[in-house]
file upload03.pdb (PDB, C-alpha atoms, pLDDT in the B column)
ATOM      1  CA  MET A   1       0.000   0.000   0.000  1.00 36.00           C
ATOM      2  CA  GLN A   2       1.341   3.425  -0.992  1.00 42.00           C
ATOM      3  CA  SER A   3       1.579   6.068   1.733  1.00 41.00           C
ATOM      4  CA  THR A   4      -0.609   9.122   1.163  1.00 46.00           C
ATOM      5  CA  THR A   5       1.750  11.249   3.258  1.00 43.00           C
ATOM      6  CA  GLY A   6       4.678  10.822   0.884  1.00 44.00           C
ATOM      7  CA  HIS A   7       6.794   8.738   3.225  1.00 42.00           C
ATOM      8  CA  SER A   8       6.731   5.595   5.292  1.00 45.00           C
ATOM      9  CA  ILE A   9       8.280   4.249   8.451  1.00 41.00           C
ATOM     10  CA  LYS A  10      10.374   1.862   6.340  1.00 42.00           C
ATOM     11  CA  LYS A  11      12.063   4.824   4.632  1.00 45.00           C
ATOM     12  CA  ARG A  12      12.769   6.642   7.899  1.00 41.00           C
ATOM     13  CA  THR A  13      16.413   7.704   8.104  1.00 44.00           C
ATOM     14  CA  LYS A  14      16.385   8.175  11.884  1.00 42.00           C
ATOM     15  CA  THR A  15      16.262   4.910  13.778  1.00 43.00           C
ATOM     16  CA  ASN A  16      16.091   6.440  17.225  1.00 54.00           C
ATOM     17  CA  ASP A  17      13.570   8.616  19.033  1.00 56.00           C
ATOM     18  CA  VAL A  18      15.212  12.002  18.401  1.00 65.00           C
ATOM     19  CA  PHE A  19      13.165  14.325  16.209  1.00 72.00           C
ATOM     20  CA  LEU A  20      13.932  18.017  16.480  1.00 86.00           C
ATOM     21  CA  THR A  21      10.901  20.265  16.776  1.00 93.00           C
ATOM     22  CA  PRO A  22      10.798  22.955  14.098  1.00 94.00           C
ATOM     23  CA  LEU A  23      11.445  26.358  15.671  1.00 96.00           C
ATOM     24  CA  ALA A  24       8.166  27.854  14.418  1.00 96.00           C
ATOM     25  CA  LEU A  25       6.230  24.944  15.937  1.00 96.00           C
ATOM     26  CA  ALA A  26       8.014  25.228  19.310  1.00 97.00           C
ATOM     27  CA  LYS A  27       7.111  28.932  19.387  1.00 98.00           C
ATOM     28  CA  LYS A  28       3.468  28.215  18.465  1.00 97.00           C
ATOM     29  CA  HIS A  29       3.320  25.574  21.217  1.00 98.00           C
ATOM     30  CA  ILE A  30       4.687  28.007  23.816  1.00 98.00           C
ATOM     31  CA  GLU A  31       2.183  30.679  22.693  1.00 97.00           C
ATOM     32  CA  MET A  32      -0.697  28.305  23.535  1.00 96.00           C
ATOM     33  CA  ILE A  33       0.184  28.435  27.229  1.00 98.00           C
ATOM     34  CA  GLU A  34      -1.287  31.005  29.607  1.00 97.00           C
ATOM     35  CA  TYR A  35       1.255  31.783  32.302  1.00 97.00           C
ATOM     36  CA  ASP A  36       2.239  34.144  35.091  1.00 97.00           C
ATOM     37  CA  GLU A  37       5.534  36.049  34.932  1.00 96.00           C
ATOM     38  CA  SER A  38       6.732  34.234  38.050  1.00 97.00           C
ATOM     39  CA  ASP A  39       6.109  30.746  36.583  1.00 98.00           C
ATOM     40  CA  VAL A  40       9.106  28.454  36.256  1.00 98.00           C
ATOM     41  CA  TRP A  41       9.206  26.800  32.815  1.00 98.00           C
ATOM     42  CA  TYR A  42      10.861  23.425  32.280  1.00 98.00           C
ATOM     43  CA  ASP A  43      12.020  21.737  29.074  1.00 98.00           C
ATOM     44  CA  PRO A  44      12.881  18.151  30.044  1.00 98.00           C
ATOM     45  CA  PHE A  45      14.111  17.228  26.535  1.00 97.00           C
ATOM     46  CA  LYS A  46      16.044  20.365  25.506  1.00 96.00           C
ATOM     47  CA  ASN A  47      18.152  19.002  22.637  1.00 93.00           C
ATOM     48  CA  SER A  48      18.431  21.924  20.140  1.00 92.00           C
ATOM     49  CA  GLY A  49      16.854  24.362  22.621  1.00 96.00           C
ATOM     50  CA  ASN A  50      13.967  25.377  20.357  1.00 97.00           C
ATOM     51  CA  TYR A  51      11.646  25.264  23.356  1.00 98.00           C
ATOM     52  CA  TYR A  52      14.000  26.309  26.148  1.00 98.00           C
ATOM     53  CA  ASN A  53      15.509  29.254  24.256  1.00 98.00           C
ATOM     54  CA  ASN A  54      12.043  30.637  23.509  1.00 98.00           C
ATOM     55  CA  PHE A  55      10.406  30.383  26.922  1.00 98.00           C
ATOM     56  CA  PRO A  56       8.958  33.825  27.739  1.00 97.00           C
ATOM     57  CA  ASN A  57      10.975  34.516  30.869  1.00 94.00           C
ATOM     58  CA  GLU A  58      14.283  33.697  32.557  1.00 96.00           C
ATOM     59  CA  ASN A  59      12.643  31.451  35.180  1.00 97.00           C
ATOM     60  CA  LYS A  60      13.475  28.236  33.400  1.00 98.00           C
ATOM     61  CA  GLU A  61      15.069  24.843  33.823  1.00 98.00           C
ATOM     62  CA  TRP A  62      16.103  22.132  31.398  1.00 98.00           C
ATOM     63  CA  SER A  63      17.246  18.552  31.126  1.00 98.00           C
ATOM     64  CA  GLU A  64      18.866  16.748  28.223  1.00 96.00           C
ATOM     65  CA  ILE A  65      20.134  13.177  28.444  1.00 92.00           C
ATOM     66  CA  LEU A  66      22.706  13.926  25.711  1.00 91.00           C
ATOM     67  CA  GLU A  67      24.192  16.519  28.104  1.00 95.00           C
ATOM     68  CA  ASP A  68      24.075  14.229  31.178  1.00 95.00           C
ATOM     69  CA  LYS A  69      21.044  15.950  32.747  1.00 97.00           C
ATOM     70  CA  ASP A  70      18.388  13.235  32.997  1.00 97.00           C
ATOM     71  CA  PHE A  71      14.712  14.186  33.231  1.00 97.00           C
ATOM     72  CA  PHE A  72      13.989  11.076  35.277  1.00 97.00           C
ATOM     73  CA  THR A  73      16.265  12.261  38.094  1.00 97.00           C
ATOM     74  CA  PHE A  74      15.129  15.921  37.982  1.00 98.00           C
ATOM     75  CA  GLU A  75      13.654  17.064  41.324  1.00 97.00           C
ATOM     76  CA  LYS A  76      13.196  20.867  41.230  1.00 98.00           C
ATOM     77  CA  ASP A  77       9.886  22.734  41.548  1.00 98.00           C
ATOM     78  CA  VAL A  78       8.448  23.890  38.221  1.00 98.00           C
ATOM     79  CA  ASP A  79       5.134  25.402  37.149  1.00 98.00           C
ATOM     80  CA  ILE A  80       5.044  24.540  33.448  1.00 98.00           C
ATOM     81  CA  ILE A  81       6.487  21.566  31.582  1.00 98.00           C
ATOM     82  CA  CYS A  82       6.611  22.161  27.831  1.00 98.00           C
ATOM     83  CA  SER A  83       8.549  19.990  25.371  1.00 98.00           C
ATOM     84  CA  ASN A  84       8.660  17.305  22.699  1.00 96.00           C
ATOM     85  CA  PRO A  85       9.270  14.041  24.615  1.00 95.00           C
ATOM     86  CA  PRO A  86      10.525  10.704  23.260  1.00 92.00           C
ATOM     87  CA  TYR A  87       7.340   8.959  22.122  1.00 88.00           C
ATOM     88  CA  SER A  88       8.745   5.508  22.925  1.00 89.00           C
ATOM     89  CA  MET A  89       8.794   6.427  26.632  1.00 94.00           C
ATOM     90  CA  ILE A  90       5.534   8.370  26.846  1.00 96.00           C
ATOM     91  CA  ASN A  91       4.083   6.455  29.820  1.00 97.00           C
ATOM     92  CA  LYS A  92       7.243   6.941  31.854  1.00 97.00           C
ATOM     93  CA  VAL A  93       7.374  10.623  30.782  1.00 98.00           C
ATOM     94  CA  LEU A  94       3.795  11.225  31.935  1.00 98.00           C
ATOM     95  CA  GLU A  95       4.449   9.483  35.262  1.00 98.00           C
ATOM     96  CA  LYS A  96       7.531  11.625  35.984  1.00 98.00           C
ATOM     97  CA  SER A  97       5.752  14.795  34.824  1.00 98.00           C
ATOM     98  CA  ILE A  98       2.902  14.161  37.277  1.00 98.00           C
ATOM     99  CA  GLU A  99       5.412  13.440  40.040  1.00 98.00           C
ATOM    100  CA  LEU A 100       6.816  16.972  39.609  1.00 98.00           C
ATOM    101  CA  GLN A 101       3.297  18.428  40.197  1.00 98.00           C
ATOM    102  CA  PRO A 102       3.419  21.446  37.849  1.00 98.00           C
ATOM    103  CA  LYS A 103       0.324  23.519  37.034  1.00 98.00           C
ATOM    104  CA  ILE A 104       0.658  22.683  33.329  1.00 98.00           C
ATOM    105  CA  ILE A 105       2.009  19.696  31.401  1.00 98.00           C
ATOM    106  CA  SER A 106       2.101  20.383  27.661  1.00 98.00           C
ATOM    107  CA  TYR A 107       3.742  18.045  25.152  1.00 98.00           C
ATOM    108  CA  LEU A 108       4.042  17.612  21.420  1.00 97.00           C
ATOM    109  CA  ILE A 109       3.213  13.953  20.836  1.00 95.00           C
ATOM    110  CA  GLY A 110       2.432  11.613  17.969  1.00 92.00           C
ATOM    111  CA  MET A 111      -1.227  10.985  17.255  1.00 92.00           C
ATOM    112  CA  GLY A 112      -0.873   7.330  18.239  1.00 91.00           C
ATOM    113  CA  ASN A 113       0.399   8.368  21.667  1.00 94.00           C
ATOM    114  CA  LEU A 114      -2.815  10.129  22.677  1.00 95.00           C
ATOM    115  CA  THR A 115      -4.918   7.267  23.945  1.00 96.00           C
ATOM    116  CA  THR A 116      -8.068   7.181  26.029  1.00 95.00           C
ATOM    117  CA  ARG A 117      -6.170   5.345  28.750  1.00 96.00           C
ATOM    118  CA  ARG A 118      -3.458   8.029  28.909  1.00 97.00           C
ATOM    119  CA  ILE A 119      -6.033  10.828  29.118  1.00 97.00           C
ATOM    120  CA  GLU A 120      -7.783   8.910  31.915  1.00 97.00           C
ATOM    121  CA  TYR A 121      -4.436   8.399  33.674  1.00 98.00           C
ATOM    122  CA  MET A 122      -3.815  12.134  33.603  1.00 98.00           C
ATOM    123  CA  ASN A 123      -7.387  12.742  34.883  1.00 97.00           C
ATOM    124  CA  GLU A 124      -6.892  10.249  37.726  1.00 97.00           C
ATOM    125  CA  ASN A 125      -3.831  12.256  38.751  1.00 98.00           C
ATOM    126  CA  GLY A 126      -5.615  15.605  38.740  1.00 98.00           C
ATOM    127  CA  TYR A 127      -4.857  16.856  35.210  1.00 98.00           C
ATOM    128  CA  GLY A 128      -7.550  17.631  32.650  1.00 98.00           C
ATOM    129  CA  LEU A 129      -6.925  17.931  28.922  1.00 98.00           C
ATOM    130  CA  LYS A 130      -7.579  21.661  28.490  1.00 98.00           C
ATOM    131  CA  LYS A 131      -6.368  22.170  24.907  1.00 97.00           C
ATOM    132  CA  ILE A 132      -5.408  20.044  21.952  1.00 97.00           C
ATOM    133  CA  ARG A 133      -4.027  21.053  18.560  1.00 96.00           C
ATOM    134  CA  MET A 134      -3.627  18.671  15.634  1.00 96.00           C
ATOM    135  CA  LEU A 135      -0.803  19.370  13.189  1.00 95.00           C
ATOM    136  CA  LYS A 136       1.542  17.886  10.634  1.00 93.00           C
ATOM    137  CA  VAL A 137       5.330  18.080  10.617  1.00 90.00           C
ATOM    138  CA  HIS A 138       7.044  17.290   7.313  1.00 84.00           C
ATOM    139  CA  ASP A 139       9.057  14.044   7.474  1.00 80.00           C
ATOM    140  CA  TRP A 140       7.420  12.929  10.734  1.00 80.00           C
ATOM    141  CA  TYR A 141       5.162   9.896  10.497  1.00 79.00           C
ATOM    142  CA  GLY A 142       1.444  10.709  10.673  1.00 85.00           C
ATOM    143  CA  MET A 143      -0.212  13.581  12.480  1.00 92.00           C
ATOM    144  CA  SER A 144       0.937  15.045  15.782  1.00 94.00           C
ATOM    145  CA  PHE A 145      -0.855  16.689  18.689  1.00 96.00           C
ATOM    146  CA  ILE A 146       0.035  19.414  21.109  1.00 97.00           C
ATOM    147  CA  VAL A 147      -1.666  18.302  24.308  1.00 98.00           C
ATOM    148  CA  HIS A 148      -2.077  20.743  27.162  1.00 98.00           C
ATOM    149  CA  PHE A 149      -2.996  19.214  30.519  1.00 98.00           C
ATOM    150  CA  GLU A 150      -3.776  21.524  33.407  1.00 98.00           C
ATOM    151  CA  LYS A 151      -4.011  20.772  37.123  1.00 98.00           C
ATOM    152  CA  ASP A 152      -7.601  20.672  38.474  1.00 97.00           C
ATOM    153  CA  CYS A 153      -9.100  21.375  35.044  1.00 96.00           C
ATOM    154  CA  GLU A 154     -11.988  19.745  33.169  1.00 95.00           C
ATOM    155  CA  ASN A 155     -11.300  17.880  29.926  1.00 96.00           C
ATOM    156  CA  CYS A 156     -12.090  19.727  26.708  1.00 95.00           C
ATOM    157  CA  ILE A 157     -13.305  16.420  25.265  1.00 92.00           C
ATOM    158  CA  GLU A 158     -15.670  13.752  26.524  1.00 93.00           C
ATOM    159  CA  ILE A 159     -14.665  10.117  26.755  1.00 92.00           C
ATOM    160  CA  ASP A 160     -17.361   7.536  26.077  1.00 92.00           C
ATOM    161  CA  ARG A 161     -16.224   4.047  27.116  1.00 91.00           C
ATOM    162  CA  LYS A 162     -19.412   2.312  25.990  1.00 93.00           C
ATOM    163  CA  ILE A 163     -18.869  -0.182  23.179  1.00 93.00           C
ATOM    164  CA  TYR A 164     -21.416   0.296  20.402  1.00 95.00           C
ATOM    165  CA  HIS A 165     -22.470  -2.474  18.047  1.00 94.00           C
ATOM    166  CA  THR A 166     -23.999  -2.218  14.623  1.00 94.00           C
ATOM    167  CA  ASP A 167     -27.664  -3.090  14.349  1.00 92.00           C
ATOM    168  CA  LYS A 168     -28.413  -6.461  12.758  1.00 83.00           C
TER     169      LYS A 168
END
call {"tool": "encode", "arguments": {"input": "upload03.pdb", "output": "structure tokens"}}
result
Amino acid sequence: MQSTTGHSIKKRTKTNDVFLTPLALAKKHIEMIEYDESDVWYDPFKNSGNYYNNFPNENKEWSEILEDKDFFTFEKDVDIICSNPPYSMINKVLEKSIELQPKIISYLIGMGNLTTRRIEYMNENGYGLKKIRMLKVHDWYGMSFIVHFEKDCENCIEIDRKIYHTDK
């Protein structure tokens, strides 16, 4: 079957989980977030710095495994987490993000990573899905989402767990 997106996973030149966020997209993502001047921003997967370098204030922290600063050992207080995490570790990323207890957790993720179970997990831990933006990045497989979870917030979507069957 021919891909309608012009590429396929088989032709992917990157075998790992490192995909740099286009600068314009990182800026658009940051612009989606309502914040206070005193908020501490955190980019747990800094890499090129397209997020970190464009946070709107100097109250900011970062981690980057390639620079020996591991997100999974980070313990500082932050208000906003905003980044493009490794999709292959999304469950572990969400768990650690919740552990840090920020007001906002906002990630750029692949469409296949936004599951009902993950939204429910965030809800169970006090975070509602406040905003979602669907987008396409050239050379990335499929569509992507910016998901914006906020502490003590209602979901912007409804989840219906009932299984419907076709009429016979």
call {"tool": "closest_residue", "arguments": {"input": "upload03.pdb", "among": "A:Tyr141, A:Thr21, A:Leu135, A:Lys130", "to": "Asn155 in chain A", "atoms": "all atoms listed in the file"}}
result
A:Lys130
call {"tool": "residues_near_point", "arguments": {"input": "upload03.pdb", "point": "(-3.8, 8.1, 25.9)", "cutoff": "12 Å", "atoms": "only C-alpha atoms", "output": "VMD selection string"}}
result
chain A and resid 87 90 to 91 94 109 to 123 129 145 147 159
call {"tool": "write_last_selection", "arguments": {"input": "upload03.pdb", "atoms": "C-alpha atoms", "output": "PDB file, keeping the file's coordinate frame"}}
result
ATOM      1  CA  TYR A  87       7.340   8.959  22.122  1.00 88.00           C
ATOM      2  CA  ILE A  90       5.534   8.370  26.846  1.00 96.00           C
ATOM      3  CA  ASN A  91       4.083   6.455  29.820  1.00 97.00           C
ATOM      4  CA  LEU A  94       3.795  11.225  31.935  1.00 98.00           C
ATOM      5  CA  ILE A 109       3.213  13.953  20.836  1.00 95.00           C
ATOM      6  CA  GLY A 110       2.432  11.613  17.969  1.00 92.00           C
ATOM      7  CA  MET A 111      -1.227  10.985  17.255  1.00 92.00           C
ATOM      8  CA  GLY A 112      -0.873   7.330  18.239  1.00 91.00           C
ATOM      9  CA  ASN A 113       0.399   8.368  21.667  1.00 94.00           C
ATOM     10  CA  LEU A 114      -2.815  10.129  22.677  1.00 95.00           C
ATOM     11  CA  THR A 115      -4.918   7.267  23.945  1.00 96.00           C
ATOM     12  CA  THR A 116      -8.068   7.181  26.029  1.00 95.00           C
ATOM     13  CA  ARG A 117      -6.170   5.345  28.750  1.00 96.00           C
ATOM     14  CA  ARG A 118      -3.458   8.029  28.909  1.00 97.00           C
ATOM     15  CA  ILE A 119      -6.033  10.828  29.118  1.00 97.00           C
ATOM     16  CA  GLU A 120      -7.783   8.910  31.915  1.00 97.00           C
ATOM     17  CA  TYR A 121      -4.436   8.399  33.674  1.00 98.00           C
ATOM     18  CA  MET A 122      -3.815  12.134  33.603  1.00 98.00           C
ATOM     19  CA  ASN A 123      -7.387  12.742  34.883  1.00 97.00           C
ATOM     20  CA  LEU A 129      -6.925  17.931  28.922  1.00 98.00           C
ATOM     21  CA  PHE A 145      -0.855  16.689  18.689  1.00 96.00           C
ATOM     22  CA  VAL A 147      -1.666  18.302  24.308  1.00 98.00           C
ATOM     23  CA  ILE A 159     -14.665  10.117  26.755  1.00 92.00           C
TER      24      ILE A 159
END
call {"tool": "closest_residue", "arguments": {"input": "upload03.pdb", "among": "A:Asn54, A:Ser106, A:Ser97, A:Asn47", "to": "Ile132 in chain A", "atoms": "all atoms listed in the file"}}
result
A:Ser106
call {"tool": "atom_distance", "arguments": {"input": "upload03.pdb", "atom1": "CA of Gly128 in chain A", "atom2": "CA of Asp152 in chain A"}}
result
6.6 Å
call {"tool": "atom_distance", "arguments": {"input": "upload03.pdb", "atom1": "CA of Asn125 in chain A", "atom2": "CA of Ser83 in chain A"}}
result
19.8 Å
call {"tool": "residues_around", "arguments": {"input": "upload03.pdb", "residues": "Glu150 in chain A", "least_positions_apart": "5", "cutoff": "6 Å", "atoms": "all atoms listed in the file", "output": "list in words"}}
result
Lys103, Ile104, Tyr127 and Gly128 of chain A
call {"tool": "residues_near_point", "arguments": {"input": "upload03.pdb", "point": "(14.2, 23.8, 27.9)", "cutoff": "12 Å", "atoms": "only C-alpha atoms", "output": "ChimeraX atom specification"}}
result
/A:26,30,40-64,69,71,78,80-85
call {"tool": "closest_residue", "arguments": {"input": "upload03.pdb", "among": "A:Asp139, A:Glu124, A:Glu67, A:Asp77", "to": "Glu154 in chain A", "atoms": "only C-alpha atoms"}}
result
A:Glu124
call {"tool": "atom_distance", "arguments": {"input": "upload03.pdb", "atom1": "CA of Gln101 in chain A", "atom2": "CA of Glu34 in chain A"}}
result
17.1 Å
call {"tool": "closest_residue", "arguments": {"input": "upload03.pdb", "among": "A:Asp79, A:Lys92, A:Asp167, A:His138", "to": "Tyr35 in chain A", "atoms": "only C-alpha atoms"}}
result
A:Asp79
call {"tool": "residues_around", "arguments": {"input": "upload03.pdb", "residues": "Arg133 in chain A", "least_positions_apart": "2", "cutoff": "10 Å", "atoms": "all atoms listed in the file", "output": "PyMOL selection string"}}
result
chain A and resi 29+32+108+131+135+144-148
